[in-house]
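**Q** My structure file start_25.cif, mmCIF, C-alpha atoms, is below:
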data_final
#
loop_
_atom_site.label_atom_id
_atom_site.label_comp_id
_atom_site.auth_asym_id
_atom_site.auth_seq_id
_atom_site.Cartn_x
_atom_site.Cartn_y
_atom_site.Cartn_z
CA MET Y 1 184.56 165.00 93.03
CA LYS Y 2 186.00 164.72 89.53
CA ALA Y 3 187.66 161.41 88.72
CA LEU Y 4 191.26 161.62 87.63
CA LYS Y 5 192.02 160.43 84.12
CA THR Y 6 194.13 157.31 84.19
CA TYR Y 7 196.60 156.09 81.61
CA PRO Y 8 197.76 152.53 80.94
CA HIS Y 9 201.04 151.58 82.55
CA ASN Y 10 203.50 150.05 80.12
CA PRO Y 11 206.72 149.40 82.06
CA ASP Y 12 209.89 149.07 80.02
CA TYR Y 13 211.41 146.57 82.44
CA ALA Y 14 210.67 143.03 83.65
CA VAL Y 15 211.27 141.62 87.12
CA PRO Y 16 212.55 138.02 87.10
CA PRO Y 17 211.10 135.53 89.61
CA GLY Y 18 214.63 135.23 90.96
CA GLU Y 19 214.15 138.62 92.67
CA THR Y 20 211.25 137.18 94.67
CA LEU Y 21 213.22 134.01 95.34
CA ARG Y 22 216.10 136.05 96.74
CA GLU Y 23 213.71 137.92 99.05
CA VAL Y 24 212.09 134.68 100.25
CA MET Y 25 215.52 133.11 100.84
CA GLU Y 26 216.62 136.07 102.94
CA SER Y 27 213.33 136.15 104.89
CA LEU Y 28 213.93 132.50 105.83
CA GLY Y 29 217.46 133.31 106.96
CA MET Y 30 219.01 131.06 104.35
CA THR Y 31 222.24 131.58 102.53
CA GLN Y 32 222.51 130.90 98.83
CA ALA Y 33 224.70 127.89 99.57
CA GLU Y 34 222.07 126.44 101.93
CA LEU Y 35 219.26 127.02 99.39
CA ALA Y 36 221.38 125.26 96.77
CA LEU Y 37 221.94 122.32 99.09
CA ARG Y 38 218.27 121.99 100.08
CA THR Y 39 216.96 122.25 96.49
CA GLY Y 40 219.66 120.18 94.83
CA LEU Y 41 220.45 123.09 92.50
CA THR Y 42 223.93 124.47 92.01
CA VAL Y 43 224.91 127.93 93.22
CA GLN Y 44 225.54 128.87 89.61
CA THR Y 45 222.03 127.79 88.63
CA LEU Y 46 220.57 129.93 91.41
CA ASN Y 47 222.63 132.90 90.21
CA ARG Y 48 221.20 132.54 86.73
CA ILE Y 49 217.66 132.30 88.15
CA PHE Y 50 218.24 135.38 90.31
CA ASN Y 51 219.34 137.33 87.23
CA GLY Y 52 216.54 136.03 84.98
CA GLU Y 53 219.01 134.23 82.73
CA GLN Y 54 217.56 130.79 83.42
CA PRO Y 55 213.85 130.01 83.66
CA VAL Y 56 212.15 128.52 86.69
CA THR Y 57 210.97 125.19 85.29
CA CYS Y 58 207.99 123.28 86.64
CA GLU Y 59 210.42 120.85 88.24
CA THR Y 60 212.33 123.68 89.92
CA ALA Y 61 209.04 125.25 91.08
CA GLY Y 62 208.15 121.98 92.79
CA LYS Y 63 211.50 121.90 94.60
CA LEU Y 64 211.10 125.53 95.70
CA GLU Y 65 207.64 124.75 97.12
CA LEU Y 66 209.10 121.99 99.30
CA VAL Y 67 212.02 124.13 100.49
CA THR Y 68 210.36 127.56 100.93
CA GLY Y 69 206.70 126.69 101.50
CA VAL Y 70 205.70 128.99 98.64
CA PRO Y 71 203.33 127.10 96.28
CA ALA Y 72 204.79 125.92 92.98
CA ARG Y 73 201.98 127.63 91.07
CA MET Y 74 203.23 131.01 92.31
CA TRP Y 75 206.74 130.36 91.00
CA ASN Y 76 205.26 129.17 87.71
CA ASN Y 77 203.06 132.28 87.48
CA LEU Y 78 205.98 134.58 88.25
CA GLU Y 79 208.03 132.90 85.53
CA ALA Y 80 205.20 133.15 83.00
CA LEU Y 81 204.61 136.84 83.80
CA TYR Y 82 208.32 137.57 83.51
CA ARG Y 83 208.62 135.90 80.09
CA GLU Y 84 205.44 137.59 78.90
CA GLN Y 85 206.76 141.00 79.93
CA LEU Y 86 210.08 140.33 78.20
CA THR Y 87 208.13 139.49 75.04
CA ARG Y 88 206.05 142.65 75.33
CA ILE Y 89 209.17 144.79 75.74
CA ALA Y 90 210.72 143.19 72.65
CA GLU Y 91 207.45 143.63 70.73
CA ARG Y 92 207.24 147.27 71.76
CA GLU Y 93 210.76 147.92 70.50
CA ARG Y 94 209.86 146.24 67.21
CA LEU Y 95 206.62 148.18 66.79
CA GLN Y 96 208.30 151.47 67.63
CA GLY Y 97 210.01 151.31 64.26
CA ASP Y 98 206.68 150.86 62.42
CA LEU Y 99 204.80 153.91 63.70
CA GLU Y 100 205.17 155.71 60.36
CA TRP Y 101 202.94 153.04 58.79
CA LEU Y 102 199.98 154.37 60.75
CA ARG Y 103 199.99 157.51 58.58
CA GLY Y 104 198.57 155.48 55.70
CA ILE Y 105 195.80 153.86 57.76
CA PRO Y 106 192.43 155.62 58.41
CA VAL Y 107 192.88 155.35 62.17
CA ARG Y 108 190.38 158.08 63.10
CA GLU Y 109 187.65 156.53 60.96
CA LEU Y 110 188.21 153.10 62.46
CA VAL Y 111 188.13 154.55 65.97
CA ALA Y 112 184.98 156.55 65.18
CA ARG Y 113 183.28 153.38 63.94
CA GLY Y 114 184.12 151.61 67.19
CA LEU Y 115 186.31 149.07 65.41
CA VAL Y 116 189.59 150.02 67.10
CA ALA Y 117 190.20 151.20 70.66
CA ASP Y 118 191.86 154.61 70.76
CA ASP Y 119 194.95 155.05 72.91
CA PRO Y 120 197.21 158.03 73.66
CA ASP Y 121 200.20 155.71 73.39
CA ARG Y 122 201.05 155.36 69.70
CA VAL Y 123 202.61 151.92 70.03
CA THR Y 124 199.52 150.59 71.80
CA LEU Y 125 197.35 152.18 69.11
CA LEU Y 126 199.47 150.50 66.43
CA ARG Y 127 198.99 147.18 68.20
CA ASN Y 128 195.22 147.75 68.26
CA ILE Y 129 195.22 148.43 64.51
CA LEU Y 130 197.21 145.27 63.82
CA GLY Y 131 194.67 143.36 65.93
CA PHE Y 132 191.86 144.76 63.76
CA TYR Y 133 193.61 143.42 60.67
CA GLY Y 134 194.42 140.13 62.37
CA VAL Y 135 198.15 140.34 61.62
CA ALA Y 136 201.21 140.19 63.87
CA GLY Y 137 203.04 143.11 62.31
CA VAL Y 138 203.41 145.57 59.46
CA TRP Y 139 205.50 143.11 57.47
CA GLU Y 140 202.64 140.61 57.60
CA TRP Y 141 200.13 143.33 56.62
CA ASN Y 142 202.26 144.15 53.58
CA GLU Y 143 202.40 140.49 52.60
CA ILE Y 144 198.60 140.37 52.53
CA TRP Y 145 197.69 143.79 51.16
CA ALA Y 146 200.66 145.49 49.48
CA ARG Y 147 203.24 143.07 48.10
CA PRO Y 148 203.29 142.19 44.36
CA GLN Y 149 202.09 138.65 45.06
CA ALA Y 150 199.09 140.11 46.90
CA ALA Y 151 198.46 142.60 44.10
CA ALA Y 152 198.29 139.73 41.62
CA ARG Y 153 195.21 138.46 43.41
CA ARG Y 154 193.19 141.65 43.06
CA SER Y 155 192.07 144.11 40.42
CA THR Y 156 194.23 147.15 39.68
CA CYS Y 157 191.79 149.68 41.15
CA PHE Y 158 192.84 148.51 44.63
CA GLU Y 159 196.17 150.28 44.16
CA THR Y 160 194.86 153.83 44.68
CA CYS Y 161 195.03 153.83 48.48
CA PRO Y 162 195.75 150.43 50.08
CA GLY Y 163 195.38 151.71 53.66
CA PRO Y 164 191.75 152.90 53.49
CA ALA Y 165 190.90 150.22 50.92
CA SER Y 166 192.18 147.41 53.11
CA ALA Y 167 190.34 148.87 56.11
CA TRP Y 168 187.04 148.83 54.21
CA MET Y 169 187.71 145.33 52.93
CA ARG Y 170 188.67 144.07 56.40
CA GLN Y 171 185.38 145.30 57.84
CA GLY Y 172 183.63 143.23 55.22
CA GLU Y 173 185.71 140.18 56.07
CA LEU Y 174 184.88 140.48 59.77
CA GLN Y 175 181.17 140.75 59.00
CA ALA Y 176 181.28 137.82 56.61
CA ARG Y 177 183.19 135.69 59.09
CA ASP Y 178 180.21 135.84 61.44
CA ILE Y 179 177.71 134.84 58.74
CA GLU Y 180 177.11 131.10 58.77
CA CYS Y 181 177.01 129.80 55.21
CA ALA Y 182 176.46 126.52 53.43
CA SER Y 183 179.26 125.33 51.17
CA TYR Y 184 179.27 127.22 47.89
CA ASP Y 185 176.83 125.80 45.37
CA ARG Y 186 176.94 127.55 41.99
CA GLU Y 187 173.68 126.04 40.73
CA ARG Y 188 171.86 126.98 43.91
CA PHE Y 189 173.18 130.53 43.72
CA LEU Y 190 171.97 130.82 40.14
CA SER Y 191 168.57 129.42 41.09
CA VAL Y 192 167.89 132.03 43.81
CA LEU Y 193 168.93 135.06 41.73
CA PRO Y 194 165.37 135.60 40.39
CA GLU Y 195 164.04 135.61 43.96
CA MET Y 196 166.69 138.15 44.95
CA ARG Y 197 165.73 140.27 41.95
CA GLY Y 198 162.21 140.39 43.32
CA LEU Y 199 163.56 141.76 46.60
CA THR Y 200 164.21 145.07 44.83
CA ARG Y 201 160.54 145.89 45.50
CA GLU Y 202 160.94 145.53 49.27
CA THR Y 203 162.18 147.97 51.90
CA PRO Y 204 165.70 147.52 53.34
CA GLU Y 205 164.20 146.18 56.59
CA LYS Y 206 162.83 143.25 54.57
CA PHE Y 207 165.29 142.79 51.73
CA VAL Y 208 168.55 142.88 53.72
CA PRO Y 209 167.87 139.80 55.92
CA ALA Y 210 166.22 137.98 53.00
CA LEU Y 211 169.15 138.72 50.69
CA ARG Y 212 171.64 137.51 53.26
CA ARG Y 213 169.64 134.35 53.94
CA LEU Y 214 169.32 133.40 50.27
CA CYS Y 215 172.99 134.05 49.58
CA ALA Y 216 174.19 132.23 52.70
CA GLY Y 217 172.24 129.17 51.62
CA ALA Y 218 174.38 129.08 48.47
CA GLY Y 219 177.71 129.76 50.18
CA VAL Y 220 177.89 133.53 49.72
CA ALA Y 221 178.14 135.98 52.64
CA VAL Y 222 176.81 139.49 52.01
CA SER Y 223 178.58 142.24 53.98
CA LEU Y 224 177.32 145.83 54.13
CA VAL Y 225 179.95 148.41 55.09
CA PRO Y 226 179.64 152.20 54.71
CA GLU Y 227 182.14 153.64 52.25
CA MET Y 228 185.28 155.22 53.66
CA GLN Y 229 187.08 158.38 52.69
CA LYS Y 230 189.33 157.85 49.65
CA VAL Y 231 187.56 154.57 48.88
CA PRO Y 232 184.74 155.52 46.47
CA TRP Y 233 183.77 151.95 45.68
CA ASN Y 234 180.38 150.37 45.14
CA GLY Y 235 181.31 146.81 45.97
CA ALA Y 236 183.87 144.03 46.00
CA THR Y 237 184.07 140.26 45.73
CA LYS Y 238 186.49 138.03 47.60
CA TRP Y 239 186.63 134.31 48.28
CA LEU Y 240 187.30 133.85 52.00
CA THR Y 241 187.70 130.08 51.57
CA PRO Y 242 187.25 127.80 48.55
CA GLU Y 243 183.70 127.17 49.83
CA LYS Y 244 182.71 130.67 50.95
CA ALA Y 245 182.56 133.85 48.89
CA MET Y 246 182.00 137.38 50.17
CA ILE Y 247 180.03 140.08 48.39
CA LEU Y 248 180.83 143.43 50.00
CA LEU Y 249 178.61 146.43 49.28
CA SER Y 250 178.53 150.12 50.24
CA LEU Y 251 175.75 152.64 49.73
CA ARG Y 252 177.85 154.88 47.50
CA GLY Y 253 175.43 157.15 45.69
CA LYS Y 254 172.64 155.91 48.01
CA GLY Y 255 170.26 155.16 45.13
CA GLU Y 256 168.53 151.78 45.16
CA ASP Y 257 169.30 151.31 41.45
CA ARG Y 258 173.03 151.60 42.06
CA PHE Y 259 172.90 149.32 45.11
CA TRP Y 260 171.13 146.52 43.27
CA PHE Y 261 173.25 146.87 40.16
CA SER Y 262 176.32 146.59 42.38
CA PHE Y 263 174.98 143.45 44.04
CA PHE Y 264 174.30 141.68 40.75
CA HIS Y 265 177.64 142.92 39.39
CA GLU Y 266 179.40 141.20 42.31
CA ALA Y 267 177.21 138.13 41.88
CA GLY Y 268 178.52 137.97 38.32
CA HIS Y 269 182.08 137.90 39.67
CA VAL Y 270 181.21 135.07 42.06
CA LEU Y 271 179.73 133.04 39.23
CA HIS Y 272 182.27 133.69 36.49
CA ASP Y 273 185.67 134.72 37.91
CA GLY Y 274 188.50 132.94 39.71
CA LYS Y 275 188.47 132.23 43.42
CA ARG Y 276 191.95 133.69 43.98
CA LEU Y 277 190.94 137.16 42.79
CA LEU Y 278 189.88 140.12 44.89
CA LEU Y 279 187.69 142.15 42.53
CA VAL Y 280 186.64 145.72 43.29
CA ASN Y 281 183.84 147.64 41.59
CA ASP Y 282 184.60 151.36 41.47
CA GLY Y 283 181.93 152.11 38.88
CA GLY Y 284 184.31 151.96 35.94
CA GLU Y 285 185.04 149.31 33.34
CA THR Y 286 188.71 148.53 33.77
CA ASP Y 287 188.91 145.14 32.05
CA GLU Y 288 186.89 142.34 30.50
CA ARG Y 289 185.95 140.91 33.89
CA GLU Y 290 184.34 144.19 34.94
CA GLU Y 291 182.57 144.60 31.62
CA ARG Y 292 181.27 141.03 31.81
CA ALA Y 293 180.03 141.61 35.38
CA ASN Y 294 178.28 144.79 34.22
CA ARG Y 295 176.57 142.94 31.39
CA PHE Y 296 175.51 140.19 33.76
CA ALA Y 297 174.04 142.68 36.27
CA ALA Y 298 172.17 144.59 33.57
CA GLU Y 299 170.65 141.43 32.07
CA ALA Y 300 169.81 139.94 35.48
CA LEU Y 301 167.87 143.03 36.55
CA ILE Y 302 166.22 143.99 33.24
CA PRO Y 303 166.84 141.92 30.09
CA ALA Y 304 168.06 144.03 27.19
CA ARG Y 305 164.98 143.23 25.09
CA HIS Y 306 163.01 145.68 27.27
CA ASN Y 307 165.38 148.60 26.68
CA ASN Y 308 163.47 150.13 23.76
CA ASN Y 309 160.21 150.21 25.73
CA ILE Y 310 161.97 151.80 28.68
CA ARG Y 311 163.75 154.34 26.48
CA GLY Y 312 160.39 155.39 25.08
CA CYS Y 313 158.79 156.17 28.45
CA ARG Y 314 157.42 159.69 28.84
CA THR Y 315 155.68 159.59 32.22
CA ALA Y 316 156.32 158.19 35.67
CA ASP Y 317 153.20 156.05 35.32
CA GLU Y 318 154.77 154.29 32.34
CA ILE Y 319 157.91 153.57 34.37
CA VAL Y 320 155.81 152.16 37.21
CA ARG Y 321 153.77 150.00 34.80
CA ILE Y 322 156.88 148.47 33.23
CA ALA Y 323 158.35 147.85 36.68
CA ARG Y 324 155.19 146.03 37.71
CA GLU Y 325 155.31 143.88 34.57
CA LEU Y 326 158.98 143.06 35.13
CA GLY Y 327 158.56 142.37 38.85
CA VAL Y 328 161.18 144.92 39.96
CA SER Y 329 161.20 148.21 41.80
CA PRO Y 330 160.24 151.32 39.77
CA GLY Y 331 163.59 152.77 40.84
CA ILE Y 332 165.40 150.02 38.93
CA VAL Y 333 163.50 150.89 35.74
CA ALA Y 334 164.03 154.62 36.30
CA GLY Y 335 167.76 154.00 36.69
CA ARG Y 336 167.82 152.04 33.43
CA TYR Y 337 165.97 154.88 31.69
CA GLN Y 338 168.56 157.38 32.92
CA PHE Y 339 171.38 155.16 31.69
CA LEU Y 340 169.82 154.61 28.28
CA THR Y 341 168.93 158.26 27.63
CA GLY Y 342 171.62 160.13 29.57
CA ARG Y 343 168.85 162.12 31.26
CA TRP Y 344 170.15 161.66 34.79
CA ALA Y 345 167.56 163.87 36.46
CA ALA Y 346 164.56 162.19 34.84
CA PHE Y 347 162.20 160.21 37.12
CA LYS Y 348 164.63 160.74 39.95
CA THR Y 349 161.82 160.76 42.53
CA LEU Y 350 161.07 157.13 41.66
CA ILE Y 351 164.51 156.01 42.83
CA ARG Y 352 164.43 155.37 46.56
CA THR Y 353 167.32 156.63 48.66
CA LEU Y 354 168.95 154.07 50.93
CA GLU Y 355 170.41 155.24 54.24
CA TRP Y 356 172.57 153.51 56.83
CA LYS Y 357 170.54 152.74 59.91
CA ARG Y 358 172.08 154.48 62.89
CA PRO Y 359 172.53 152.38 66.03
#
Go ahead and express the file in the form of structure tokens.
**A**
Amino acid sequence: MKALKTYPHNPDYAVPPGETLREVMESLGMTQAELALRTGLTVQTLNRIFNGEQPVTCETAGKLELVTGVPARMWNNLEALYREQLTRIAERERLQGDLEWLRGIPVRELVARGLVADDPDRVTLLRNILGFYGVAGVWEWNEIWARPQAAARRSTCFETCPGPASAWMRQGELQARDIECASYDRERFLSVLPEMRGLTRETPEKFVPALRRLCAGAGVAVSLVPEMQKVPWNGATKWLTPEKAMILLSLRGKGEDRFWFSFFHEAGHVLHDGKRLLLVNDGGETDEREERANRFAAEALIPARHNNNIRGCRTADEIVRIARELGVSPGIVAGRYQFLTGRWAAFKTLIRTLEWKRP
């Protein structure tokens, strides 16, 4: 037998507890006047309760228990359910006017990633999306992601597509929220950068947990989120609290050289830029902050004094030898050679490809 597909029931009405009270009163053979006399309530008060215009208070619920024999907790529960349903109806009416906003949000991608529950009802789907963002409504989302005062706290490259961009950023925030970190310590973060540089020689299975552990010990949470359509970014930096920074990375380009350059680029932002900024690395140099972060990443991975030796390499063995001397992955040196010479296909086989591990 094939199971029938069921759909959620979202009634557009609410039944006040007064309806149940009226039924109980009639089943006991009481008139409204008698119920008023026994409970000490006025007839007018009972009318308002019957119509849902006046709530059943805890005191009234206690009186009704004594008079009708129906426990006070049931009257309290009926009242709570009635008020909750009234709120849901009002919320649904409010959200109905915001459905157009969904067109700018990558709903299908979020559903495909298992981050948002799909629903045939568009209002329920909108509510699920708002829950993903942790906001009560579209107005609140705009205050965080789209208003001028929000834009002042981020770099200009965020403006291209705020819907997909905010979705990618939110995934990073949710990951980072679950990473337990020490309070931010700038000196400690600086001190572990050489150790993290050495991780470039390891496989992702080893370097990812080690990178996260070292960063967390200095107050920095590292989030790894696959890039989204229309968001061709390598990384981003955001301070979640004054004592906790987030470095968010994608695998755009998939090469290990780009991944590690992006990490140290974002580390440069953590070390040198303001805590109120949301800085995004799209691979370009849009302002002095991005240029400074690029210089920091380049120097942290391979100091500039080695550039001439790298530029002069002619064989893969020479690249590997220099990498061994520098204590970094050959792919990092190969990437520097490509950058210095413009020969983007040279020594490409030395650059490991990083892939997202499928669950």
**Q** Write out as a PyMOL selection string the residues lying within 9 Å of Asn128 of chain Y, counting all atoms listed in the file and excluding same-chain residues fewer than 6 positions away.
**A** chain Y and resi 116-119
**Q** Within 10 Å of Ala80 of chain Y, counting only C-alpha atoms, which residues qualify if same-chain residues fewer than 5 places away don't, as a list in words?
**A** Pro16, Pro17, Pro55, Val56, Met74, Trp75, Gln85 and Leu86 of chain Y
**Q** Take the residues that were just selected and, keeping C-alpha atoms, output them as a PDB file, keeping the file's coordinate frame.
**A**
ATOM      1  CA  PRO Y  16     212.550 138.020  87.100  1.00  0.00           C
ATOM      2  CA  PRO Y  17     211.100 135.530  89.610  1.00  0.00           C
ATOM      3  CA  PRO Y  55     213.850 130.010  83.660  1.00  0.00           C
ATOM      4  CA  VAL Y  56     212.150 128.520  86.690  1.00  0.00           C
ATOM      5  CA  MET Y  74     203.230 131.010  92.310  1.00  0.00           C
ATOM      6  CA  TRP Y  75     206.740 130.360  91.000  1.00  0.00           C
ATOM      7  CA  GLN Y  85     206.760 141.000  79.930  1.00  0.00           C
ATOM      8  CA  LEU Y  86     210.080 140.330  78.200  1.00  0.00           C
TER       9      LEU Y  86
END
**Q** Run the PyMOL selection byres ((chain Y and resi 340-352) around 10) mentally over the shown coordinates, then write out the matched residues as a PyMOL selection string, using the chain letters and numbers from the document.
**A** chain Y and resi 203+254-258+307-308+310-312+314-316+319-320+329-339+353-355
**Q** Once the PyMOL selection byres ((chain Y and resi 183) around 7) is applied to the coordinates I shared, what remains selected? I want it as a count of residues only.
**A** 8
**Q** Provide the atom CA of Arg113 of chain Y to atom CA of Trp141 of chain Y distance in Å, to one decimal place.
**A**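 Result for atom CA of Arg113 of chain Y versus atom CA of Trp141 of chain Y: 20.9 Å, one decimal.
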**Q** Let me know the residues the PyMOL selection byres ((chain Y and resi 62) around 12) catches in the file above, as an MDAnalysis selection string.
**A** chainID Y and resid 39:40 56:61 63:76
**Q** Pull C-alpha atoms from the residues just selected and write them as a PDB file, in the frame of the given file.
**A**
ATOM      1  CA  THR Y  39     216.960 122.250  96.490  1.00  0.00           C
ATOM      2  CA  GLY Y  40     219.660 120.180  94.830  1.00  0.00           C
ATOM      3  CA  VAL Y  56     212.150 128.520  86.690  1.00  0.00           C
ATOM      4  CA  THR Y  57     210.970 125.190  85.290  1.00  0.00           C
ATOM      5  CA  CYS Y  58     207.990 123.280  86.640  1.00  0.00           C
ATOM      6  CA  GLU Y  59     210.420 120.850  88.240  1.00  0.00           C
ATOM      7  CA  THR Y  60     212.330 123.680  89.920  1.00  0.00           C
ATOM      8  CA  ALA Y  61     209.040 125.250  91.080  1.00  0.00           C
ATOM      9  CA  LYS Y  63     211.500 121.900  94.600  1.00  0.00           C
ATOM     10  CA  LEU Y  64     211.100 125.530  95.700  1.00  0.00           C
ATOM     11  CA  GLU Y  65     207.640 124.750  97.120  1.00  0.00           C
ATOM     12  CA  LEU Y  66     209.100 121.990  99.300  1.00  0.00           C
ATOM     13  CA  VAL Y  67     212.020 124.130 100.490  1.00  0.00           C
ATOM     14  CA  THR Y  68     210.360 127.560 100.930  1.00  0.00           C
ATOM     15  CA  GLY Y  69     206.700 126.690 101.500  1.00  0.00           C
ATOM     16  CA  VAL Y  70     205.700 128.990  98.640  1.00  0.00           C
ATOM     17  CA  PRO Y  71     203.330 127.100  96.280  1.00  0.00           C
ATOM     18  CA  ALA Y  72     204.790 125.920  92.980  1.00  0.00           C
ATOM     19  CA  ARG Y  73     201.980 127.630  91.070  1.00  0.00           C
ATOM     20  CA  MET Y  74     203.230 131.010  92.310  1.00  0.00           C
ATOM     21  CA  TRP Y  75     206.740 130.360  91.000  1.00  0.00           C
ATOM     22  CA  ASN Y  76     205.260 129.170  87.710  1.00  0.00           C
TER      23      ASN Y  76
END
**Q** What is the distance between atom CA of Ser250 of chain Y and atom CA of Gly235 of chain Y, in Å to one decimal?
**A**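 It comes out at 6.1 Å.
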**Q** Using Å and a single decimal, report how far atom CA of Asn309 of chain Y sits from atom CA of Val328 of chain Y.
**A**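 Interatomic distance, atom CA of Val328 of chain Y to atom CA of Asn309 of chain Y: 15.2 Å.
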**Q** Within 6 Å of segment 103-109 of chain Y, counting only C-alpha atoms, which residues qualify if same-chain residues fewer than 2 places away don't, as a PyMOL selection string?
**A** chain Y and resi 100-101+111-112+163-164
**Q** Could you give me the axis-aligned bounding box of segment 325-329 of chain Y, with 5 Å of padding per side, as centre plus edge lengths in Å to one decimal, as JSON?
**A**
{"center_x": 158.3, "center_y": 145.3, "center_z": 38.2, "size_x": 15.9, "size_y": 15.8, "size_z": 17.2}
**Q** As a list in words, please: the residues near Asp98 of chain Y (cut-off 10 Å, all atoms listed in the file, same-chain neighbours under 6 positions excluded).
**A** Val123, Leu126, Gly137, Val138 and Trp139 of chain Y
**Q** Can you take the partial segment 45-51 of chain Y, add all heavy atoms, and return it as a JSON list (two decimals), in the frame of the given file?
**A**
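Below you can see out.json, which holds the result:
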[["chain", "number", "residue", "atom", "x", "y", "z"],
["Y", 45, "THR", "N", 223.41, 127.82, 89.14],
["Y", 45, "THR", "CA", 222.03, 127.79, 88.63],
["Y", 45, "THR", "C", 221.18, 128.84, 89.33],
["Y", 45, "THR", "O", 220.40, 129.57, 88.68],
["Y", 45, "THR", "CB", 221.41, 126.40, 88.83],
["Y", 45, "THR", "OG1", 222.12, 125.45, 88.04],
["Y", 45, "THR", "CG2", 219.94, 126.39, 88.43],
["Y", 46, "LEU", "N", 221.33, 128.93, 90.65],
["Y", 46, "LEU", "CA", 220.57, 129.93, 91.41],
["Y", 46, "LEU", "C", 220.94, 131.34, 90.97],
["Y", 46, "LEU", "O", 220.07, 132.21, 90.85],
["Y", 46, "LEU", "CB", 220.81, 129.76, 92.91],
["Y", 46, "LEU", "CG", 220.14, 128.54, 93.55],
["Y", 46, "LEU", "CD1", 220.56, 128.41, 95.01],
["Y", 46, "LEU", "CD2", 218.62, 128.64, 93.44],
["Y", 47, "ASN", "N", 222.21, 131.58, 90.69],
["Y", 47, "ASN", "CA", 222.63, 132.90, 90.21],
["Y", 47, "ASN", "C", 221.93, 133.26, 88.91],
["Y", 47, "ASN", "O", 221.47, 134.39, 88.71],
["Y", 47, "ASN", "CB", 224.15, 132.93, 90.01],
["Y", 47, "ASN", "CG", 224.90, 133.26, 91.29],
["Y", 47, "ASN", "OD1", 224.36, 133.95, 92.17],
["Y", 47, "ASN", "ND2", 226.12, 132.77, 91.42],
["Y", 48, "ARG", "N", 221.86, 132.28, 88.01],
["Y", 48, "ARG", "CA", 221.20, 132.54, 86.73],
["Y", 48, "ARG", "C", 219.70, 132.78, 86.92],
["Y", 48, "ARG", "O", 219.11, 133.61, 86.22],
["Y", 48, "ARG", "CB", 221.44, 131.37, 85.77],
["Y", 48, "ARG", "CG", 222.89, 131.28, 85.27],
["Y", 48, "ARG", "CD", 223.02, 130.33, 84.10],
["Y", 48, "ARG", "NE", 222.77, 128.94, 84.49],
["Y", 48, "ARG", "CZ", 223.70, 128.10, 84.93],
["Y", 48, "ARG", "NH1", 224.98, 128.50, 85.04],
["Y", 48, "ARG", "NH2", 223.39, 126.86, 85.26],
["Y", 49, "ILE", "N", 219.09, 132.07, 87.87],
["Y", 49, "ILE", "CA", 217.66, 132.30, 88.15],
["Y", 49, "ILE", "C", 217.47, 133.67, 88.78],
["Y", 49, "ILE", "O", 216.54, 134.41, 88.41],
["Y", 49, "ILE", "CB", 217.11, 131.18, 89.08],
["Y", 49, "ILE", "CG1", 217.05, 129.86, 88.32],
["Y", 49, "ILE", "CG2", 215.73, 131.57, 89.62],
["Y", 49, "ILE", "CD1", 216.63, 128.67, 89.17],
["Y", 50, "PHE", "N", 218.34, 134.05, 89.69],
["Y", 50, "PHE", "CA", 218.24, 135.38, 90.31],
["Y", 50, "PHE", "C", 218.30, 136.48, 89.26],
["Y", 50, "PHE", "O", 217.58, 137.49, 89.35],
["Y", 50, "PHE", "CB", 219.39, 135.59, 91.31],
["Y", 50, "PHE", "CG", 219.29, 134.76, 92.58],
["Y", 50, "PHE", "CD1", 220.43, 134.41, 93.28],
["Y", 50, "PHE", "CD2", 218.06, 134.35, 93.04],
["Y", 50, "PHE", "CE1", 220.35, 133.65, 94.44],
["Y", 50, "PHE", "CE2", 217.97, 133.59, 94.21],
["Y", 50, "PHE", "CZ", 219.12, 133.24, 94.91],
["Y", 51, "ASN", "N", 219.14, 136.29, 88.25],
["Y", 51, "ASN", "CA", 219.34, 137.33, 87.23],
["Y", 51, "ASN", "C", 218.36, 137.22, 86.05],
["Y", 51, "ASN", "O", 218.42, 138.02, 85.12],
["Y", 51, "ASN", "CB", 220.78, 137.24, 86.69],
["Y", 51, "ASN", "CG", 221.81, 137.55, 87.76],
["Y", 51, "ASN", "OD1", 221.54, 138.34, 88.67],
["Y", 51, "ASN", "ND2", 222.96, 136.91, 87.69]]
